[in-house]
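A.B. asks: There's a structure below that I have some questions on.
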Amino acid sequence: MKSVKIAVFAACALAVLSPVQGAVAKETPQDFVQLSRELMPAVVNIATTQKVRGLDDIPAFPRGSPLEKFNDELNLDGADEINSLGSGFIISADGVIVTNNHVIENADKIEIIFADGEQLKAEVIGRDLATDIAVLRVKTGRPLPFVRFGDSNNVQIGEWVIAIGNPFGLGASVSAGIISARNRDIGAGTYDDFLQTDAAINRGNSGGPLFSMNGEVIGVNTAIVSPTGASVGVGFAVPADLVRTVVSQLLEFGETRRGWLGVRLRAVTPDAARRNGLTRPRGALIAGLTEGGPAAKAGLRPGDIVISYGGKETAETRVLSRLVADSPIGKSLPVEFLRNGKRMSATVIVSRLEGNDVAKRPPAEGRTVDPAPEPAPGVAGEQGAVLGMRVAEITRDLRRRFRLDPDVSGLVVLSVEPGSAAAGSVQAGDVILEMAFQPVETVAEARAQAARLDGRAPILLYLDRGGDKTFRQIEARK
């Protein structure tokens with residue numbers, strides 16, 4: 001079976017005025033003409049500029065010499081910037097814009113290009129690596145057309161949707177399709193809960209809106225699965241209900257503030273389900289607790305299976321992670337769980353997840369990992385830098401320090417360089433099992449894999465994160 005790569009493409013103050021009018025279609029229309037006409041003014045193109053560091057040190061051929069013409073080919077004569085294009089949408093008349101964080105990540109300048117051709121500089125209000133959402137603002141002397149978030153929880157499989165964005169830098173483009181699936185986990189982060197659609201999403205569509213037939217934003221187009229890098233009808237959007245919460249916090253605080261219980265979660269195995277009287281695996285298994293954390297104080301123990309949190313069913317671990325993250329800090333919430341087949345309950349007081357800044361992706365709910373400074377001599381096996389990560393062969397001391405499973409093998413990540421290709425995707429304590437589908441257990445093997453690709457394509461890492469297996473894609477050239 002051929003491997004398939006996951007591609008992620010670069011592409012709330014309440015308003016006083018009414019949102020875009022007329023974009024309501026209660027039944028499936030014969031076409032999308034009117035709906036597109038009403039919505040397109042609120043969708044924007046986002047142009048970013050990133051300065052390339054270090055080119056000033058590269059010698060250029062002297063002006064007037066026979067070799068001067070080669071300066072342009074070597075990008076040494078002023079071509080020290082990287083430009084990229086993405087999409088976004090306006091959510092308030094005073095210029096608040098939502099997009100993907102990866103659209104504007106590392107940008108030195110961000111410009112918004114409106115449907116009428118006007119261009120304005122944008123400032124970053126806040127960004128959230130965990131959900132890949134960013135909020136921008138432009139200042140303008142006129143009220144802007146905008147759209148509203150809809151209820152993504154009520155979106156049905158088979159429902160018609162349209163995507164509007166800036167594919168391949170061509171400008172505002174509309175594509176139509178249906179909702180193919182809900183609650184997709186594609187290994188992009190802790191809070192994966194994507195809507196899947198077959199509406200065409202391509203490079204440059206990232207950050208653009210996915211609309212319902214009511215003209216409401218039900219998702220932010222973020223990623224595709226494709227063997228070619230172009231749309232094959234498998235696209236993913238962050239659901240509006242998740243985006244709305246993140247945007248609200250970014251507008252209020254400039255950062256996200258997530259709840260924390262101090263638990264390490266794993267999927268419920270069939271054996272664990274049978275031991276607790278379940279006919280099938282469901283719920284979230286507590287694999288470990290942070291001493292003194294909210295869950296430990298409430299009396300929960302390793303081995304408990306959480307089946308309900310805050311009155312809502314927790315069908316699997318990522319559902320519980322999402323519910324905890326969205327919980328108000330300091331609030332007391334009921335938890336129902338199974339312990340040795342007996343149904344029990346407790347009350348937890350939600351704490352705040354610390355270290356949730358833009359420099360790194362938040363860890364899995366409650367994952368407790370000791371800080372990872374440079375290890376003392378003799379503590380680790382061979383170690384070295386690979387793709388912006390400092391990695392080491394696993395030793396008994398590292399296995400204990402990072403609380404690694406006794407049977408996991410690979411390279412443990414000691415630290416990640418801020419701004420590197422791995423930043424935001426890989427974190428200290430992760431164990432790299434495979435690189436580009438090849439097992440790696442030594443630093444030399446990891447470096448060989450990176451050198452083999454030589455920046456020609458992103459590298460797919462297969463990681464063990466707290467006992468859970470996940471894929472992460474990073475750019476080898478950085």
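Identifiers in this document derive from the order of the structure tokens: chains are assigned A, B, ..., residues are numbered from 1 separately in each chain, and ligands are numbered from 1 in order of occurrence.
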Within 7 Å of A:Ala436, counting only C-alpha atoms, which residues show up once you throw out same-chain ones fewer than 6 positions away? Write them as a list of chain:residue names, please.
C.D. replies: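 My reading of the contact set: A:Ile459, A:Leu460, A:Leu461.
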A.B. asks: Where does DSSP see strand (DSSP E or B) in stretch 75-152 of chain A, if you list the residues as a compact mmCIF listing (two decimals) with N, CA, C and O atoms, in the first residue's frame?
C.D. replies:
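Saved result, part.txt, follows:
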```txt
# COMPACT_ATOMS: atom_id res chain seq x y z
N GLU A 81 14.15 37.98 0.47
CA GLU A 81 12.84 37.81 1.10
C GLU A 81 12.13 36.61 0.51
O GLU A 81 12.31 36.26 -0.66
N ILE A 82 11.30 35.98 1.34
CA ILE A 82 10.44 34.89 0.91
C ILE A 82 9.00 35.37 1.04
O ILE A 82 8.59 35.87 2.09
N ASN A 83 8.24 35.25 -0.04
CA ASN A 83 6.85 35.68 -0.04
C ASN A 83 5.93 34.47 -0.12
O ASN A 83 6.25 33.49 -0.81
N SER A 84 4.81 34.53 0.55
CA SER A 84 3.82 33.45 0.47
C SER A 84 2.43 34.03 0.57
O SER A 84 2.24 35.17 1.02
N LEU A 85 1.47 33.24 0.13
CA LEU A 85 0.07 33.68 0.09
C LEU A 85 -0.81 32.67 0.80
O LEU A 85 -0.60 31.46 0.70
N GLY A 86 -1.81 33.18 1.50
CA GLY A 86 -2.79 32.33 2.16
C GLY A 86 -4.14 33.01 2.14
O GLY A 86 -4.37 33.95 1.37
N SER A 87 -5.03 32.56 2.99
CA SER A 87 -6.40 33.07 3.01
C SER A 87 -6.81 33.39 4.44
O SER A 87 -6.17 32.98 5.40
N GLY A 88 -7.90 34.14 4.56
CA GLY A 88 -8.46 34.48 5.85
C GLY A 88 -9.85 35.03 5.64
O GLY A 88 -10.33 35.15 4.52
N PHE A 89 -10.52 35.37 6.74
CA PHE A 89 -11.87 35.93 6.63
C PHE A 89 -12.13 36.91 7.76
O PHE A 89 -11.58 36.77 8.87
N ILE A 90 -12.94 37.90 7.46
CA ILE A 90 -13.23 38.99 8.40
C ILE A 90 -14.41 38.59 9.27
O ILE A 90 -15.44 38.11 8.78
N VAL A 96 -11.29 42.63 12.36
CA VAL A 96 -10.71 41.42 12.95
C VAL A 96 -10.76 40.29 11.91
O VAL A 96 -11.81 40.03 11.32
N ILE A 97 -9.62 39.63 11.71
CA ILE A 97 -9.49 38.62 10.67
C ILE A 97 -8.95 37.33 11.29
O ILE A 97 -8.05 37.35 12.12
N VAL A 98 -9.52 36.20 10.86
CA VAL A 98 -9.09 34.88 11.32
C VAL A 98 -8.37 34.16 10.19
O VAL A 98 -8.79 34.23 9.03
N THR A 99 -7.30 33.45 10.52
CA THR A 99 -6.57 32.65 9.54
C THR A 99 -5.88 31.52 10.27
O THR A 99 -6.07 31.33 11.48
N ASN A 100 -5.07 30.74 9.56
CA ASN A 100 -4.23 29.72 10.20
C ASN A 100 -2.94 30.36 10.69
O ASN A 100 -2.39 31.27 10.05
N LYS A 109 6.30 40.75 7.68
CA LYS A 109 5.28 41.71 7.25
C LYS A 109 4.07 40.94 6.75
O LYS A 109 4.20 39.94 6.06
N ILE A 110 2.88 41.40 7.15
CA ILE A 110 1.63 40.76 6.74
C ILE A 110 0.74 41.81 6.09
O ILE A 110 0.46 42.85 6.70
N GLU A 111 0.29 41.54 4.90
CA GLU A 111 -0.63 42.43 4.20
C GLU A 111 -1.91 41.70 3.86
O GLU A 111 -1.89 40.54 3.44
N ILE A 112 -3.02 42.39 4.05
CA ILE A 112 -4.34 41.85 3.72
C ILE A 112 -4.78 42.45 2.39
O ILE A 112 -4.77 43.67 2.21
N ILE A 113 -5.17 41.59 1.48
CA ILE A 113 -5.65 42.03 0.17
C ILE A 113 -7.15 41.74 0.10
O ILE A 113 -7.57 40.58 0.16
N GLN A 119 -5.22 47.06 -0.20
CA GLN A 119 -4.23 46.35 0.60
C GLN A 119 -3.95 47.14 1.87
O GLN A 119 -3.73 48.35 1.82
N LEU A 120 -3.93 46.42 3.00
CA LEU A 120 -3.65 47.05 4.28
C LEU A 120 -2.71 46.16 5.09
O LEU A 120 -2.79 44.92 5.01
N LYS A 121 -1.84 46.78 5.86
CA LYS A 121 -0.98 46.03 6.75
C LYS A 121 -1.79 45.52 7.94
O LYS A 121 -2.69 46.19 8.42
N GLU A 123 -1.75 43.60 11.89
CA GLU A 123 -1.01 43.28 13.10
C GLU A 123 -1.55 41.98 13.68
O GLU A 123 -2.73 41.65 13.51
N VAL A 124 -0.69 41.24 14.35
CA VAL A 124 -1.08 39.98 14.96
C VAL A 124 -1.63 40.24 16.35
O VAL A 124 -0.94 40.79 17.20
N ILE A 125 -2.88 39.85 16.58
CA ILE A 125 -3.50 39.98 17.90
C ILE A 125 -3.09 38.83 18.80
O ILE A 125 -2.81 38.98 19.98
N GLY A 126 -3.06 37.64 18.24
CA GLY A 126 -2.68 36.45 19.01
C GLY A 126 -2.68 35.24 18.11
O GLY A 126 -3.24 35.26 17.01
N ARG A 127 -2.03 34.19 18.58
CA ARG A 127 -1.95 32.96 17.81
C ARG A 127 -1.94 31.76 18.74
O ARG A 127 -1.52 31.86 19.90
N ASP A 128 -2.40 30.63 18.23
CA ASP A 128 -2.47 29.41 19.03
C ASP A 128 -1.91 28.26 18.22
O ASP A 128 -2.51 27.83 17.23
N ILE A 133 -4.52 28.36 14.80
CA ILE A 133 -5.40 29.50 14.55
C ILE A 133 -4.68 30.79 14.94
O ILE A 133 -3.99 30.84 15.97
N ALA A 134 -4.84 31.83 14.12
CA ALA A 134 -4.28 33.15 14.42
C ALA A 134 -5.33 34.21 14.18
O ALA A 134 -6.21 34.04 13.32
N VAL A 135 -5.25 35.30 14.94
CA VAL A 135 -6.18 36.42 14.80
C VAL A 135 -5.37 37.67 14.44
O VAL A 135 -4.39 38.00 15.11
N LEU A 136 -5.79 38.35 13.40
CA LEU A 136 -5.15 39.58 12.94
C LEU A 136 -6.13 40.74 13.03
O LEU A 136 -7.33 40.54 13.20
N ARG A 137 -5.60 41.95 12.89
CA ARG A 137 -6.47 43.12 12.84
C ARG A 137 -5.90 44.13 11.84
O ARG A 137 -4.69 44.31 11.75
N PHE A 149 -19.62 32.95 12.69
CA PHE A 149 -19.45 31.52 12.91
C PHE A 149 -20.79 30.84 13.05
O PHE A 149 -21.72 31.38 13.66
```
A.B. asks: Identify, with DSSP run on backbone atoms, the residues in stretch 268-470 of chain A assigned to helix (DSSP H, G or I), and express the list as JSON, numbers by chain.
C.D. replies: {"A": [270, 271, 272, 273, 274, 275, 294, 295, 296, 297, 317, 318, 319, 320, 321, 322, 323, 324, 325, 396, 397, 398, 399, 400, 401, 443, 444, 445, 446, 447, 448, 449, 450, 451, 452, 453]}
A.B. asks: Env of stretch 238-245 of chain A: 8 Å cut, atoms = only C-alpha atoms, seq-sep filter 6 positions within chain, self excluded. Answer as a PDB file with all heavy atoms, in the first residue's frame.
C.D. replies:
```pdb
ATOM      1  N   THR A 131      -4.043  24.695  17.899  1.00  0.00           N
ATOM      2  CA  THR A 131      -5.142  24.570  16.937  1.00  0.00           C
ATOM      3  C   THR A 131      -4.807  25.193  15.594  1.00  0.00           C
ATOM      4  O   THR A 131      -5.621  25.146  14.672  1.00  0.00           O
ATOM      5  CB  THR A 131      -6.416  25.235  17.486  1.00  0.00           C
ATOM      6  OG1 THR A 131      -6.137  26.611  17.802  1.00  0.00           O
ATOM      7  CG2 THR A 131      -6.904  24.521  18.728  1.00  0.00           C
ATOM      8  N   ILE A 133      -4.521  28.361  14.804  1.00  0.00           N
ATOM      9  CA  ILE A 133      -5.401  29.505  14.550  1.00  0.00           C
ATOM     10  C   ILE A 133      -4.677  30.794  14.944  1.00  0.00           C
ATOM     11  O   ILE A 133      -3.991  30.840  15.965  1.00  0.00           O
ATOM     12  CB  ILE A 133      -6.723  29.380  15.338  1.00  0.00           C
ATOM     13  CG1 ILE A 133      -7.509  28.167  14.857  1.00  0.00           C
ATOM     14  CG2 ILE A 133      -7.564  30.646  15.204  1.00  0.00           C
ATOM     15  CD1 ILE A 133      -7.942  28.246  13.391  1.00  0.00           C
ATOM     16  N   PHE A 149     -19.622  32.947  12.692  1.00  0.00           N
ATOM     17  CA  PHE A 149     -19.446  31.519  12.910  1.00  0.00           C
ATOM     18  C   PHE A 149     -20.794  30.841  13.052  1.00  0.00           C
ATOM     19  O   PHE A 149     -21.720  31.382  13.661  1.00  0.00           O
ATOM     20  CB  PHE A 149     -18.620  31.262  14.175  1.00  0.00           C
ATOM     21  CG  PHE A 149     -17.174  31.624  14.038  1.00  0.00           C
ATOM     22  CD1 PHE A 149     -16.635  32.672  14.769  1.00  0.00           C
ATOM     23  CD2 PHE A 149     -16.344  30.906  13.178  1.00  0.00           C
ATOM     24  CE1 PHE A 149     -15.300  33.002  14.649  1.00  0.00           C
ATOM     25  CE2 PHE A 149     -15.006  31.238  13.048  1.00  0.00           C
ATOM     26  CZ  PHE A 149     -14.480  32.285  13.790  1.00  0.00           C
ATOM     27  N   GLY A 150     -20.894  29.649  12.507  1.00  0.00           N
ATOM     28  CA  GLY A 150     -22.077  28.830  12.683  1.00  0.00           C
ATOM     29  C   GLY A 150     -21.844  27.769  13.739  1.00  0.00           C
ATOM     30  O   GLY A 150     -20.819  27.765  14.440  1.00  0.00           O
ATOM     31  N   ASP A 151     -22.772  26.837  13.853  1.00  0.00           N
ATOM     32  CA  ASP A 151     -22.704  25.760  14.841  1.00  0.00           C
ATOM     33  C   ASP A 151     -22.166  24.510  14.160  1.00  0.00           C
ATOM     34  O   ASP A 151     -22.899  23.779  13.503  1.00  0.00           O
ATOM     35  CB  ASP A 151     -24.088  25.494  15.419  1.00  0.00           C
ATOM     36  CG  ASP A 151     -24.074  24.458  16.537  1.00  0.00           C
ATOM     37  OD1 ASP A 151     -22.990  23.891  16.806  1.00  0.00           O
ATOM     38  OD2 ASP A 151     -25.131  24.199  17.127  1.00  0.00           O
ATOM     39  N   SER A 152     -20.879  24.245  14.311  1.00  0.00           N
ATOM     40  CA  SER A 152     -20.284  23.084  13.643  1.00  0.00           C
ATOM     41  C   SER A 152     -20.708  21.775  14.297  1.00  0.00           C
ATOM     42  O   SER A 152     -20.574  20.703  13.683  1.00  0.00           O
ATOM     43  CB  SER A 152     -18.759  23.203  13.645  1.00  0.00           C
ATOM     44  OG  SER A 152     -18.245  23.312  14.956  1.00  0.00           O
ATOM     45  N   ASN A 153     -21.212  21.829  15.533  1.00  0.00           N
ATOM     46  CA  ASN A 153     -21.672  20.601  16.187  1.00  0.00           C
ATOM     47  C   ASN A 153     -22.883  20.000  15.499  1.00  0.00           C
ATOM     48  O   ASN A 153     -23.140  18.800  15.604  1.00  0.00           O
ATOM     49  CB  ASN A 153     -22.003  20.866  17.662  1.00  0.00           C
ATOM     50  CG  ASN A 153     -20.752  21.009  18.510  1.00  0.00           C
ATOM     51  OD1 ASN A 153     -19.728  20.397  18.223  1.00  0.00           O
ATOM     52  ND2 ASN A 153     -20.829  21.827  19.549  1.00  0.00           N
ATOM     53  N   ASP A 193      -9.921  17.492  15.775  1.00  0.00           N
ATOM     54  CA  ASP A 193     -11.363  17.213  15.724  1.00  0.00           C
ATOM     55  C   ASP A 193     -11.897  17.753  14.391  1.00  0.00           C
ATOM     56  O   ASP A 193     -12.871  18.482  14.345  1.00  0.00           O
ATOM     57  CB  ASP A 193     -12.065  17.890  16.903  1.00  0.00           C
ATOM     58  CG  ASP A 193     -13.522  17.466  17.024  1.00  0.00           C
ATOM     59  OD1 ASP A 193     -13.861  16.370  16.565  1.00  0.00           O
ATOM     60  OD2 ASP A 193     -14.323  18.253  17.570  1.00  0.00           O
ATOM     61  N   PHE A 194     -11.222  17.414  13.294  1.00  0.00           N
ATOM     62  CA  PHE A 194     -11.447  18.074  12.021  1.00  0.00           C
ATOM     63  C   PHE A 194     -12.749  17.654  11.347  1.00  0.00           C
ATOM     64  O   PHE A 194     -13.206  16.512  11.481  1.00  0.00           O
ATOM     65  CB  PHE A 194     -10.297  17.772  11.060  1.00  0.00           C
ATOM     66  CG  PHE A 194      -9.006  18.448  11.406  1.00  0.00           C
ATOM     67  CD1 PHE A 194      -8.049  17.791  12.162  1.00  0.00           C
ATOM     68  CD2 PHE A 194      -8.746  19.741  10.979  1.00  0.00           C
ATOM     69  CE1 PHE A 194      -6.848  18.406  12.479  1.00  0.00           C
ATOM     70  CE2 PHE A 194      -7.546  20.364  11.291  1.00  0.00           C
ATOM     71  CZ  PHE A 194      -6.599  19.700  12.039  1.00  0.00           C
ATOM     72  N   LEU A 195     -13.308  18.608  10.590  1.00  0.00           N
ATOM     73  CA  LEU A 195     -14.333  18.297   9.611  1.00  0.00           C
ATOM     74  C   LEU A 195     -13.623  17.907   8.320  1.00  0.00           C
ATOM     75  O   LEU A 195     -12.684  18.579   7.899  1.00  0.00           O
ATOM     76  CB  LEU A 195     -15.225  19.519   9.340  1.00  0.00           C
ATOM     77  CG  LEU A 195     -16.044  20.065  10.507  1.00  0.00           C
ATOM     78  CD1 LEU A 195     -16.734  21.356  10.079  1.00  0.00           C
ATOM     79  CD2 LEU A 195     -17.050  19.047  10.996  1.00  0.00           C
ATOM     80  N   VAL A 217     -19.704  30.447   8.810  1.00  0.00           N
ATOM     81  CA  VAL A 217     -18.426  29.735   8.834  1.00  0.00           C
ATOM     82  C   VAL A 217     -18.548  28.536   9.769  1.00  0.00           C
ATOM     83  O   VAL A 217     -18.784  28.689  10.960  1.00  0.00           O
ATOM     84  CB  VAL A 217     -17.286  30.659   9.308  1.00  0.00           C
ATOM     85  CG1 VAL A 217     -15.966  29.881   9.365  1.00  0.00           C
ATOM     86  CG2 VAL A 217     -17.147  31.862   8.399  1.00  0.00           C
ATOM     87  N   ILE A 218     -18.372  27.346   9.218  1.00  0.00           N
ATOM     88  CA  ILE A 218     -18.416  26.144  10.057  1.00  0.00           C
ATOM     89  C   ILE A 218     -17.036  25.517  10.225  1.00  0.00           C
ATOM     90  O   ILE A 218     -16.888  24.545  10.969  1.00  0.00           O
ATOM     91  CB  ILE A 218     -19.387  25.098   9.488  1.00  0.00           C
ATOM     92  CG1 ILE A 218     -18.990  24.735   8.055  1.00  0.00           C
ATOM     93  CG2 ILE A 218     -20.823  25.606   9.550  1.00  0.00           C
ATOM     94  CD1 ILE A 218     -19.763  23.547   7.510  1.00  0.00           C
ATOM     95  N   GLY A 219     -16.018  26.089   9.552  1.00  0.00           N
ATOM     96  CA  GLY A 219     -14.672  25.564   9.709  1.00  0.00           C
ATOM     97  C   GLY A 219     -13.641  26.465   9.059  1.00  0.00           C
ATOM     98  O   GLY A 219     -13.970  27.327   8.246  1.00  0.00           O
ATOM     99  N   VAL A 220     -12.383  26.253   9.444  1.00  0.00           N
ATOM    100  CA  VAL A 220     -11.249  26.966   8.845  1.00  0.00           C
ATOM    101  C   VAL A 220     -10.406  25.930   8.109  1.00  0.00           C
ATOM    102  O   VAL A 220      -9.859  25.005   8.719  1.00  0.00           O
ATOM    103  CB  VAL A 220     -10.400  27.680   9.913  1.00  0.00           C
ATOM    104  CG1 VAL A 220      -9.194  28.357   9.270  1.00  0.00           C
ATOM    105  CG2 VAL A 220     -11.238  28.698  10.666  1.00  0.00           C
ATOM    106  N   ASN A 221     -10.312  26.070   6.795  1.00  0.00           N
ATOM    107  CA  ASN A 221      -9.589  25.103   5.966  1.00  0.00           C
ATOM    108  C   ASN A 221      -8.108  25.106   6.327  1.00  0.00           C
ATOM    109  O   ASN A 221      -7.459  26.152   6.303  1.00  0.00           O
ATOM    110  CB  ASN A 221      -9.782  25.444   4.490  1.00  0.00           C
ATOM    111  CG  ASN A 221     -11.237  25.410   4.089  1.00  0.00           C
ATOM    112  OD1 ASN A 221     -11.988  24.537   4.521  1.00  0.00           O
ATOM    113  ND2 ASN A 221     -11.653  26.363   3.277  1.00  0.00           N
ATOM    114  N   THR A 222      -7.576  23.929   6.641  1.00  0.00           N
ATOM    115  CA  THR A 222      -6.245  23.862   7.236  1.00  0.00           C
ATOM    116  C   THR A 222      -5.314  22.864   6.578  1.00  0.00           C
ATOM    117  O   THR A 222      -4.117  23.124   6.439  1.00  0.00           O
ATOM    118  CB  THR A 222      -6.363  23.521   8.744  1.00  0.00           C
ATOM    119  OG1 THR A 222      -7.093  24.565   9.390  1.00  0.00           O
ATOM    120  CG2 THR A 222      -5.007  23.374   9.408  1.00  0.00           C
ATOM    121  N   ASP A 326     -11.197  23.291  27.288  1.00  0.00           N
ATOM    122  CA  ASP A 326     -12.211  24.337  27.185  1.00  0.00           C
ATOM    123  C   ASP A 326     -12.831  24.722  28.534  1.00  0.00           C
ATOM    124  O   ASP A 326     -13.663  25.633  28.598  1.00  0.00           O
ATOM    125  CB  ASP A 326     -13.340  23.897  26.237  1.00  0.00           C
ATOM    126  CG  ASP A 326     -12.868  23.825  24.785  1.00  0.00           C
ATOM    127  OD1 ASP A 326     -11.822  24.412  24.477  1.00  0.00           O
ATOM    128  OD2 ASP A 326     -13.555  23.175  23.974  1.00  0.00           O
TER     129      ASP A 326
END
```
A.B. asks: Name the closest residue to A:Leu323 among the candidates A:Trp260, A:Ala181, A:Glu441, A:Ala296; distances are taken between atoms, counting only C-alpha atoms.
C.D. replies: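 Between A:Trp260, A:Ala181, A:Glu441, A:Ala296, the residue approaching A:Leu323 most closely is A:Trp260.
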A.B. asks: Could you build a table of the residues in stretch 170-271 of chain A lying no more than 12 Å from stretch 29-34 of chain A, giving for each the nearest pair of atoms and their separation in Å rounded to one decimal place, using only C-alpha atoms, ordered by chain and ascending residue number, as a Markdown table?
C.D. replies:
```
| residue | atom | partner | partner_atom | distance |
| --- | --- | --- | --- | --- |
| A:Val174 | CA | A:Phe32 | CA | 9.0 |
| A:Ser175 | CA | A:Phe32 | CA | 9.4 |
| A:Ala176 | CA | A:Phe32 | CA | 8.3 |
| A:Gly177 | CA | A:Phe32 | CA | 11.1 |
| A:Phe211 | CA | A:Phe32 | CA | 11.4 |
| A:Ser212 | CA | A:Phe32 | CA | 11.3 |
| A:Met213 | CA | A:Pro29 | CA | 8.6 |
| A:Asn214 | CA | A:Pro29 | CA | 11.1 |
| A:Gly215 | CA | A:Gln34 | CA | 10.4 |
```
A.B. asks: When distances are computed from only C-alpha atoms, which of A:Ile394, A:Arg184, A:Gly410, A:Leu404 shows the smallest separation from A:Ala287?
C.D. replies: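 The closest residue to A:Ala287 is A:Leu404.
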